[in-house]
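A short write-up of the structure that comes next.
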Amino acid sequence: MANTSDTILTVENMSVEFPTLSGVTTAVRDVSFTVGREKVGIIGESGSGKSTTGRAIMRLQPPQAIVKANRMQFEDVDLMTASEEEMRSIRGRRIAMILQDPKYSLNPVMTVGEQISETVILHERVTQQEARNRTLAMLERVNIRDPERVFDLYPHEVSGGMGQRIMISMMLIAQPSLIIADEPTSALDVTVRQQVLSILDDLVVERNIGLIFISHDLNLVRSFCDRVIIMYAGRVVETIAAADLDQAQHPYTRGLLNALPSLDRPKDRLEVLRRDPAWLEN
Amino acid sequence: MTIIKAQHLAVSYGHGETALKVVKDVSFEVQKGETFGLVGESGCGKSTILGALAGRNKQWTGSIEIDGETIGQKRTRTQLAKQQLVFQDPFGSIHPRHTIGRTLLEPLEIHGKDRRQERIEKVLTDVGLPLNFRYRYPHQLSGGQRQRVAIARALILEPKILLLDEPTSALDVSIQAEILNLLKDLREREKLTYILVSHDLAVVAHLCDRVAIMQSGGFVEIATRQQLLENTVQHPYTRVLMDGSRGYVATTRQGHSQLRSQSPVTV
Amino acid sequence: MAKSATFSKLHDWLISEDFTSSRQARLHSVYLGWLSLIANPLAFAGFAVVLLLIIVAALAPVITVHDPFAQDFLMALKAPSSTHWFGTDEFGRDVFSRLVYGARTTLYITILVTVIVAPIGFVIGATAGYLGGWVDVVLMRITDIFLSFPSLVLALAFSAALGPGIENAVIAIALTVWPPIARLARAETLTFRHADFVVAAELQGAGVGRILLRHIVPLCAPSIIVRLTLNMSSIILTAAGLGFLGLGAQPPMAEWGAMAASGRQYLLDAWWLTTVPGIAILTVSLAFNLLGDGLRDIMDPRNG
């Protein structure tokens, strides 16, 4: 069975191109990586193609975009050739996505309880009442103190941190084998962020699944992920174990690290990143 | 010399029964040339204090003294020019249909200043932008360049105080470094006093001499830069924020008994 | 060859974002707008028709060979022919000449109404939106009162009260057109009211007038211009309607609505009397609509 294999996702030489009026823009160029049962961080500045990469895996790129790859294999599914129908059955069930603002992922006219129950009914084929009980249990699992009250709230009535917990609670039911989290905590305060991340951490470790964590926050990725992919201008410039990030070789990664103000290593002037055109040559 | 003195400052939004008190009785003093930080999580009132000092929030009580002058709820033009605000979002703080030159000309017209072109050229040079940028529109500029324009606009009236509202939180790390360096240079060259609002203690410790840590509208403690760097702060909440700027702190994984023991959250 | 070289040089200069003067910056945005206008065939068609209307109105004496007011009862109700392209009316006047001179009347009414309505609508709407409070309440309730009447009925009532005539028709139409503009200006102003760049101007000491004129106007202008362009077709139709009912332009002045009305009684014998001005009204109002839609795509950043 595919589930027992250690590699969940393999991406080989993936490119994403956008045709524009003035020619084709390549947002992602020849990106290759694998994701196993681990937390992989994709780090990069705005426009580095990190979010586009995450969306292309889910086949959620904008319609005009062209995705090319030698291979995109998710467990037993070839993502290049899978039909749209197959993709629909994969999204949310086998690959789940958490976005920065959970409000866009939730249906605004249904209470959060109804939405989670729907997932329960879909996956476990139980009655309404059982689904409700399961939902309440799941809300409790993600540290929501009074699930009965939260059950009847609409997405606009919950805070950002609560919204992300609700997204995670849906994953507890759907049991995906890969989670793609795109800046899931950038809008959250540090204390809430810590709580959401620890729930996510437990989910990934407990279920032994894979996580792609897309972020611009070096410190966060370094401390949360096992492995880090550094992207620059649509390319992967370096892949390194999170613990070894300080020994990163690529001048871009080094530049980013040195540009960061730090409580532990204060410096009078921050280093300014000098962008080298040579980084754009693969 | 004290340049800003706030005593028993309280700020609220709304009127009557539904009025929401966002800042509850804070007092602080800022010395000339000092950089004072306000740190806390969203909704703690840090930006509201800045708004009251800038003249944006008018519903405050207590007393504010700026540059030796007691400030009322309504200010004269000269009083407004003493301090200028730099906004968080460089995409929303510059008029999208004005060229950069026009944006910089506007305050000079309001205050009837002379040598306008000369002043615009000087301030563009000061923030490190090429002179021909004055003919450009904001949409042609990157986030970092726009933030430089926003700083230039704040500086063109030659204020004594810059009020910085999360000036780098919308920017990439490498751009943040450039802006923080620029702010340091300007402070030295123009003898400016800063009040910096941020949620990131690392940024605050980089720039500030003293920091007020805020929680639900009040000061938890005022720490010096030295205290932050030596990790000798008093309040546990300050420590939480310091950990936050370092990243994620892994909790020991022992299944969900661990999950439950963490502090539950309400909406 | 040399000519195309200068042209491509001009094109490069206009398209370059490396501005060296504010004039170049302004021309650049106008040129980009022009490029997207010609890339949109329907909008361009609308633009072409409107341009044609303006040229025809300006050059009316040159284009026509017959006097639009000269009556000749021997020639009454003649079908279209090589001497009278669109035939003659019941007084023997040349319909083509009257149509061309009617373009002047139509243009006169639309431009005058637009010029009156734009500043009134903007000032009322933007003031209400920016100041808020009781100013907003009072101004918007007045607007609501005007909005609560069907516009043609209101225009009819006003021009009946003011007396027939083209100036009175303009006033009557203007009274019905400003409220939607005011509403739009208010809505637009509300979206920018608390924008950081407006706050920045306030904190630098800018007064209400400066903020409205310098900061709010440039942002409201695109959607108001689009709305006014779209409105022009309804102004033309209302003007024609008033003319048809005898409350607009008075004889012998050439006006499309009045022409269509007077041709009504000869509809069976002389179809061209109503058809020709009817087609003119249809074409021009359609053209303004197409142009307005195109302008919305070009000028409104939310659609770009």
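Within each chain, counting starts at residue 1; across the structure tokens, chains are named A, B, ... in the order shown, with ligands numbered 1 upward in that order.
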>> With 7 Å as the limit and counting only C-alpha atoms, what residues in chain B lie close to chain C? Please list them as a ChimeraX atom specification.
In response: /B:55-56,77,80-81,92-95,97,107,110,132,135-136
Once you have the residues from the selection above, write them out as an mmCIF file, in the first residue's frame, restricted to C-alpha atoms.
```
data_model
loop_
_atom_site.group_PDB
_atom_site.id
_atom_site.type_symbol
_atom_site.label_atom_id
_atom_site.label_comp_id
_atom_site.auth_asym_id
_atom_site.auth_seq_id
_atom_site.Cartn_x
_atom_site.Cartn_y
_atom_site.Cartn_z
ATOM 1 C CA GLY B 55 -3.510 63.837 16.383
ATOM 2 C CA ARG B 56 -5.410 61.062 14.645
ATOM 3 C CA ARG B 77 -0.655 73.384 11.764
ATOM 4 C CA LEU B 80 0.816 68.951 13.598
ATOM 5 C CA ALA B 81 4.145 69.452 11.835
ATOM 6 C CA GLY B 92 -2.360 52.176 1.338
ATOM 7 C CA SER B 93 -0.569 55.196 2.718
ATOM 8 C CA ILE B 94 0.375 56.921 -0.528
ATOM 9 C CA HIS B 95 -2.236 58.444 -2.819
ATOM 10 C CA ARG B 97 -3.148 58.748 -8.354
ATOM 11 C CA PRO B 107 2.622 69.184 2.721
ATOM 12 C CA ILE B 110 -0.268 73.278 3.065
ATOM 13 C CA ASN B 132 13.524 61.033 -11.119
ATOM 14 C CA TYR B 135 7.625 61.634 -11.658
ATOM 15 C CA ARG B 136 6.536 58.099 -10.888
#
```
>> I want to know what sits within 10 Å of range 217-220 of chain B, based on only C-alpha atoms, with residues of the same chain fewer than 2 positions away left out; could you give that as a PyMOL selection string?
In response: chain B and resi 10-11+21-28+38-40+43-46+48-49+211-215+222-223+234-238
Put those residues in a file: N, CA, C and O atoms, as a short mmCIF file (atom, residue, chain, number, x, y, z; two decimals), in the first residue's frame.
```cif
data_model
loop_
_atom_site.label_atom_id
_atom_site.label_comp_id
_atom_site.auth_asym_id
_atom_site.auth_seq_id
_atom_site.Cartn_x
_atom_site.Cartn_y
_atom_site.Cartn_z
N ALA B 10 -5.64 58.30 28.46
CA ALA B 10 -6.63 57.24 28.22
C ALA B 10 -7.31 57.56 26.90
O ALA B 10 -7.64 58.72 26.64
N VAL B 11 -7.48 56.57 26.07
CA VAL B 11 -8.10 56.81 24.76
C VAL B 11 -9.27 55.85 24.59
O VAL B 11 -9.19 54.68 24.97
N LYS B 21 -12.96 51.65 25.93
CA LYS B 21 -11.70 52.22 26.40
C LYS B 21 -10.56 51.34 25.92
O LYS B 21 -10.43 50.19 26.31
N VAL B 22 -9.75 51.86 25.01
CA VAL B 22 -8.70 51.06 24.41
C VAL B 22 -7.38 51.23 25.15
O VAL B 22 -6.62 50.29 25.33
N VAL B 23 -7.13 52.45 25.59
CA VAL B 23 -5.92 52.71 26.37
C VAL B 23 -6.37 53.23 27.73
O VAL B 23 -7.18 54.15 27.82
N LYS B 24 -5.85 52.57 28.79
CA LYS B 24 -6.31 52.92 30.13
C LYS B 24 -5.16 53.51 30.93
O LYS B 24 -4.31 52.78 31.39
N ASP B 25 -5.15 54.82 31.05
CA ASP B 25 -4.26 55.48 31.99
C ASP B 25 -2.80 55.05 31.88
O ASP B 25 -2.31 54.29 32.72
N VAL B 26 -2.12 55.50 30.85
CA VAL B 26 -0.69 55.24 30.78
C VAL B 26 0.06 56.58 30.89
O VAL B 26 -0.44 57.61 30.46
N SER B 27 1.24 56.53 31.49
CA SER B 27 2.08 57.72 31.60
C SER B 27 3.49 57.35 31.16
O SER B 27 4.00 56.29 31.53
N PHE B 28 4.09 58.18 30.36
CA PHE B 28 5.48 57.96 29.97
C PHE B 28 6.11 59.25 29.49
O PHE B 28 5.41 60.22 29.17
N LEU B 38 6.78 50.69 21.60
CA LEU B 38 5.52 50.20 22.18
C LEU B 38 5.28 48.83 21.57
O LEU B 38 5.16 48.69 20.36
N VAL B 39 5.23 47.81 22.43
CA VAL B 39 5.12 46.44 21.93
C VAL B 39 3.91 45.76 22.54
O VAL B 39 3.58 46.02 23.70
N GLY B 40 3.27 44.92 21.76
CA GLY B 40 2.16 44.15 22.31
C GLY B 40 1.45 43.45 21.19
O GLY B 40 1.80 43.60 20.02
N GLY B 43 -4.65 44.75 19.25
CA GLY B 43 -5.72 45.19 20.13
C GLY B 43 -5.26 45.62 21.51
O GLY B 43 -6.08 45.92 22.36
N CYS B 44 -3.94 45.68 21.73
CA CYS B 44 -3.48 46.05 23.07
C CYS B 44 -3.47 47.56 23.25
O CYS B 44 -3.27 48.06 24.35
N GLY B 45 -3.66 48.31 22.15
CA GLY B 45 -3.74 49.76 22.27
C GLY B 45 -2.47 50.49 21.87
O GLY B 45 -2.39 51.70 22.02
N LYS B 46 -1.49 49.77 21.34
CA LYS B 46 -0.22 50.44 21.03
C LYS B 46 -0.36 51.43 19.89
O LYS B 46 0.13 52.56 19.97
N THR B 48 -3.09 52.86 19.07
CA THR B 48 -4.00 53.91 19.52
C THR B 48 -3.25 55.03 20.23
O THR B 48 -3.55 56.20 20.06
N ILE B 49 -2.25 54.65 21.04
CA ILE B 49 -1.43 55.66 21.71
C ILE B 49 -0.74 56.51 20.65
O ILE B 49 -0.72 57.74 20.71
N VAL B 211 11.51 50.28 25.95
CA VAL B 211 10.32 49.67 25.38
C VAL B 211 9.23 49.54 26.42
O VAL B 211 9.50 49.07 27.53
N ALA B 212 8.02 49.96 26.07
CA ALA B 212 6.89 49.71 26.95
C ALA B 212 6.17 48.47 26.42
O ALA B 212 5.79 48.43 25.26
N ILE B 213 6.01 47.46 27.26
CA ILE B 213 5.29 46.26 26.84
C ILE B 213 3.85 46.42 27.26
O ILE B 213 3.55 46.69 28.42
N MET B 214 2.95 46.29 26.30
CA MET B 214 1.54 46.58 26.57
C MET B 214 0.68 45.33 26.52
O MET B 214 0.92 44.42 25.74
N GLN B 215 -0.32 45.32 27.39
CA GLN B 215 -1.32 44.27 27.36
C GLN B 215 -2.66 44.89 27.75
O GLN B 215 -2.72 45.63 28.74
N ILE B 222 8.16 48.70 31.60
CA ILE B 222 8.99 49.43 30.65
C ILE B 222 10.40 48.88 30.81
O ILE B 222 10.99 48.97 31.90
N ALA B 223 10.89 48.24 29.73
CA ALA B 223 12.20 47.59 29.81
C ALA B 223 13.20 48.40 28.98
O ALA B 223 12.84 49.05 28.01
N GLN B 234 11.44 41.78 33.65
CA GLN B 234 10.74 41.43 34.88
C GLN B 234 9.51 40.55 34.65
O GLN B 234 9.32 39.54 35.29
N HIS B 235 8.68 40.95 33.67
CA HIS B 235 7.34 40.38 33.56
C HIS B 235 7.33 39.13 32.69
O HIS B 235 7.98 39.10 31.64
N PRO B 236 6.59 38.10 33.11
CA PRO B 236 6.53 36.88 32.29
C PRO B 236 5.95 37.13 30.90
O PRO B 236 6.36 36.47 29.93
N TYR B 237 5.03 38.09 30.78
CA TYR B 237 4.44 38.35 29.47
C TYR B 237 5.50 38.86 28.48
O TYR B 237 5.48 38.50 27.30
N THR B 238 6.44 39.64 29.00
CA THR B 238 7.54 40.11 28.14
C THR B 238 8.33 38.92 27.62
O THR B 238 8.73 38.88 26.46
#
```
>> Using only C-alpha atoms, which protein or nucleic acid residues come within 10 Å of range 176-185 of chain B? Drop anything in the same chain fewer than 5 positions from it, and give the result as an MDAnalysis selection string.
In response: (chainID A and resid 256 258:261 268:273) or (chainID B and resid 35 126:128 144:145 147:148 151 162 164 167:171 190:192 194 203 206:208)
> Closest to Thr114 in chain C among C:Leu212, C:Ile38, C:Ala174, C:Ala258, using only C-alpha atoms?
Replying inline: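 The closest residue to Thr114 in chain C is C:Ala174.
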> Pick from B:Ser42, B:Ser12, B:Gly143, B:Thr224: nearest to chain A, with only C-alpha atoms counted?
Replying inline: B:Ser42
>> Calculated over only C-alpha atoms, which of the candidates A:Arg132, A:Arg94, A:Arg254, A:Arg235 has the smallest distance to Leu218 in chain A?
In response: A:Arg254
Proximity of chain A to chain B: per-residue shortest pair, 7 Å limit, only C-alpha atoms, as a tab-separated table:
```
residue	atom	partner	partner_atom	distance
A:Glu45	CA	B:Asp172	CA	5.8
A:Ser46	CA	B:Asp172	CA	6.8
A:Asn143	CA	B:Pro264	CA	5.5
A:Ile144	CA	B:Val265	CA	6.1
A:Arg145	CA	B:Pro264	CA	5.5
A:Val158	CA	B:Val267	CA	6.1
A:Ser159	CA	B:Val267	CA	6.0
A:Met162	CA	B:Val267	CA	6.8
A:Asp189	CA	B:Glu41	CA	5.7
A:Val190	CA	B:Gly244	CA	5.2
A:Gln194	CA	B:Tyr248	CA	6.2
A:Ser198	CA	B:Thr251	CA	6.8
A:Asp202	CA	B:Arg253	CA	6.8
A:Asn219	CA	B:Gly247	CA	4.9
A:Leu220	CA	B:Gly247	CA	4.1
A:Ser223	CA	B:Tyr248	CA	5.3
A:Phe224	CA	B:Tyr248	CA	5.6
A:Leu256	CA	B:Ser174	CA	6.1
A:Ala259	CA	B:Ala177	CA	5.4
A:Leu260	CA	B:Val173	CA	6.4
A:Pro261	CA	B:Ala202	CA	5.6
A:Ser262	CA	B:Ala202	CA	5.1
A:Leu263	CA	B:Ala202	CA	5.2
A:Asp264	CA	B:Leu229	CA	6.6
A:Pro266	CA	B:His206	CA	6.9
A:Arg269	CA	B:Asn181	CA	6.2
A:Leu270	CA	B:Ala177	CA	5.6
A:Glu271	CA	B:Ala177	CA	6.9
A:Val272	CA	B:Glu178	CA	6.0
A:Leu273	CA	B:Ser174	CA	5.8
```
So that I can check the surroundings of Ala270 in chain C, please list as a CSV table (one decimal) with C-alpha atoms, in the first residue's frame every protein, DNA and RNA residue that reaches within 8 Å of it, counting only C-alpha atoms and ignoring chain neighbours fewer than 3 positions away.
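Result went into around.csv, see below:
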```
chain,number,residue,atom,x,y,z
C,77,LEU,CA,-42.8,64.5,-48.0
C,78,LYS,CA,-40.5,63.4,-50.8
C,79,ALA,CA,-38.9,60.0,-50.4
C,263,GLY,CA,-43.2,62.6,-38.4
C,266,TYR,CA,-47.1,60.6,-41.7
C,267,LEU,CA,-45.7,57.3,-40.5
C,273,LEU,CA,-39.5,61.0,-41.0
```
> Near range 87-103 of chain C, within 10 Å and counting only C-alpha atoms, which residues show up once chain neighbours fewer than 3 positions away are dropped, as JSON, numbers by chain?
Replying inline: {"C": [53, 54, 55, 56, 57, 58, 59, 60, 61, 63, 64, 65, 66, 67, 68, 69, 70, 71, 72, 73, 74, 75, 76, 77, 78, 79, 80, 81, 82, 83, 84, 106, 107, 108, 109, 252, 253, 254, 255, 256, 257, 258, 259, 262, 263, 265, 266, 270, 271, 272, 273, 274, 276, 277, 280, 281, 284]}
>> Please identify the strand (DSSP E) residues within range 155-241 of chain B (assignment by DSSP from backbone atoms) and present them as a count of residues only.
In response: 24
>> Measuring between only C-alpha atoms, which one of C:Val135, C:Leu247, C:Ile225, C:Leu184 shows the shortest distance to Ala161 in chain C?
In response: C:Leu247
Near range 50-66 of chain A, 10 Å: range 143-228 of chain A residue rows, closest pairs, only C-alpha atoms, as a tab-separated table:
```
residue	atom	partner	partner_atom	distance
A:Ile180	CA	A:Gly54	CA	6.7
A:Ala181	CA	A:Gly54	CA	8.3
A:Asp182	CA	A:Ser51	CA	6.6
A:Glu183	CA	A:Ser51	CA	8.8
A:Ile212	CA	A:Gly54	CA	7.9
A:Phe213	CA	A:Gly54	CA	9.1
A:Ile214	CA	A:Lys50	CA	6.6
A:Ser215	CA	A:Lys50	CA	8.1
A:His216	CA	A:Lys50	CA	9.1
```
Kindly save the residues from that selection, with all heavy atoms included, as a PDB file, in the first residue's frame.
```pdb
ATOM      1  N   ILE A 180      -0.823  21.191   3.233  1.00  0.00           N
ATOM      2  CA  ILE A 180      -0.078  22.348   2.725  1.00  0.00           C
ATOM      3  C   ILE A 180      -0.592  23.564   3.485  1.00  0.00           C
ATOM      4  O   ILE A 180      -1.761  23.908   3.403  1.00  0.00           O
ATOM      5  CB  ILE A 180      -0.297  22.527   1.213  1.00  0.00           C
ATOM      6  CG1 ILE A 180       0.181  21.270   0.472  1.00  0.00           C
ATOM      7  CG2 ILE A 180       0.439  23.757   0.710  1.00  0.00           C
ATOM      8  CD1 ILE A 180      -0.123  21.296  -1.004  1.00  0.00           C
ATOM      9  N   ALA A 181       0.286  24.172   4.271  1.00  0.00           N
ATOM     10  CA  ALA A 181      -0.112  25.326   5.077  1.00  0.00           C
ATOM     11  C   ALA A 181       0.585  26.553   4.513  1.00  0.00           C
ATOM     12  O   ALA A 181       1.817  26.634   4.534  1.00  0.00           O
ATOM     13  CB  ALA A 181       0.270  25.110   6.537  1.00  0.00           C
ATOM     14  N   ASP A 182      -0.196  27.473   3.964  1.00  0.00           N
ATOM     15  CA  ASP A 182       0.379  28.663   3.335  1.00  0.00           C
ATOM     16  C   ASP A 182       0.255  29.848   4.289  1.00  0.00           C
ATOM     17  O   ASP A 182      -0.825  30.405   4.449  1.00  0.00           O
ATOM     18  CB  ASP A 182      -0.349  28.943   2.011  1.00  0.00           C
ATOM     19  CG  ASP A 182       0.349  30.006   1.188  1.00  0.00           C
ATOM     20  OD1 ASP A 182       1.288  30.624   1.706  1.00  0.00           O
ATOM     21  OD2 ASP A 182      -0.053  30.220   0.032  1.00  0.00           O
ATOM     22  N   GLU A 183       1.340  30.212   4.924  1.00  0.00           N
ATOM     23  CA  GLU A 183       1.372  31.314   5.899  1.00  0.00           C
ATOM     24  C   GLU A 183       0.214  31.180   6.898  1.00  0.00           C
ATOM     25  O   GLU A 183      -0.540  32.129   7.098  1.00  0.00           O
ATOM     26  CB  GLU A 183       1.249  32.675   5.194  1.00  0.00           C
ATOM     27  CG  GLU A 183       2.295  32.951   4.135  1.00  0.00           C
ATOM     28  CD  GLU A 183       3.527  33.666   4.685  1.00  0.00           C
ATOM     29  OE1 GLU A 183       3.615  33.813   5.919  1.00  0.00           O
ATOM     30  OE2 GLU A 183       4.388  34.033   3.893  1.00  0.00           O
ATOM     31  N   ILE A 212       3.727  20.640   4.341  1.00  0.00           N
ATOM     32  CA  ILE A 212       4.498  21.679   3.649  1.00  0.00           C
ATOM     33  C   ILE A 212       4.097  23.003   4.278  1.00  0.00           C
ATOM     34  O   ILE A 212       2.925  23.373   4.250  1.00  0.00           O
ATOM     35  CB  ILE A 212       4.202  21.690   2.135  1.00  0.00           C
ATOM     36  CG1 ILE A 212       4.594  20.347   1.520  1.00  0.00           C
ATOM     37  CG2 ILE A 212       4.958  22.818   1.457  1.00  0.00           C
ATOM     38  CD1 ILE A 212       4.300  20.263   0.038  1.00  0.00           C
ATOM     39  N   PHE A 213       5.064  23.661   4.872  1.00  0.00           N
ATOM     40  CA  PHE A 213       4.787  24.876   5.628  1.00  0.00           C
ATOM     41  C   PHE A 213       5.406  26.044   4.876  1.00  0.00           C
ATOM     42  O   PHE A 213       6.629  26.205   4.835  1.00  0.00           O
ATOM     43  CB  PHE A 213       5.402  24.732   7.027  1.00  0.00           C
ATOM     44  CG  PHE A 213       5.024  25.804   7.989  1.00  0.00           C
ATOM     45  CD1 PHE A 213       3.855  25.703   8.738  1.00  0.00           C
ATOM     46  CD2 PHE A 213       5.830  26.912   8.180  1.00  0.00           C
ATOM     47  CE1 PHE A 213       3.510  26.692   9.647  1.00  0.00           C
ATOM     48  CE2 PHE A 213       5.483  27.905   9.080  1.00  0.00           C
ATOM     49  CZ  PHE A 213       4.318  27.790   9.815  1.00  0.00           C
ATOM     50  N   ILE A 214       4.530  26.845   4.233  1.00  0.00           N
ATOM     51  CA  ILE A 214       5.022  27.958   3.418  1.00  0.00           C
ATOM     52  C   ILE A 214       5.035  29.210   4.265  1.00  0.00           C
ATOM     53  O   ILE A 214       4.022  29.559   4.866  1.00  0.00           O
ATOM     54  CB  ILE A 214       4.121  28.144   2.184  1.00  0.00           C
ATOM     55  CG1 ILE A 214       4.140  26.869   1.344  1.00  0.00           C
ATOM     56  CG2 ILE A 214       4.559  29.343   1.365  1.00  0.00           C
ATOM     57  CD1 ILE A 214       3.060  26.816   0.297  1.00  0.00           C
ATOM     58  N   SER A 215       6.183  29.877   4.348  1.00  0.00           N
ATOM     59  CA  SER A 215       6.262  31.044   5.219  1.00  0.00           C
ATOM     60  C   SER A 215       7.376  31.983   4.776  1.00  0.00           C
ATOM     61  O   SER A 215       8.274  31.604   4.027  1.00  0.00           O
ATOM     62  CB  SER A 215       6.501  30.591   6.655  1.00  0.00           C
ATOM     63  OG  SER A 215       6.680  31.708   7.482  1.00  0.00           O
ATOM     64  N   HIS A 216       7.303  33.223   5.237  1.00  0.00           N
ATOM     65  CA  HIS A 216       8.391  34.160   4.984  1.00  0.00           C
ATOM     66  C   HIS A 216       9.233  34.336   6.242  1.00  0.00           C
ATOM     67  O   HIS A 216      10.218  35.032   6.233  1.00  0.00           O
ATOM     68  CB  HIS A 216       7.815  35.516   4.558  1.00  0.00           C
ATOM     69  CG  HIS A 216       7.079  36.197   5.671  1.00  0.00           C
ATOM     70  ND1 HIS A 216       5.789  35.856   6.017  1.00  0.00           N
ATOM     71  CD2 HIS A 216       7.472  37.143   6.543  1.00  0.00           C
ATOM     72  CE1 HIS A 216       5.415  36.586   7.045  1.00  0.00           C
ATOM     73  NE2 HIS A 216       6.411  37.374   7.394  1.00  0.00           N
TER      74      HIS A 216
END
```
>> Here is a test: counting only C-alpha atoms, which residue of A:Leu188, A:Ala69, A:Leu21, A:Ile173 is nearest to chain C?
In response: A:Leu21
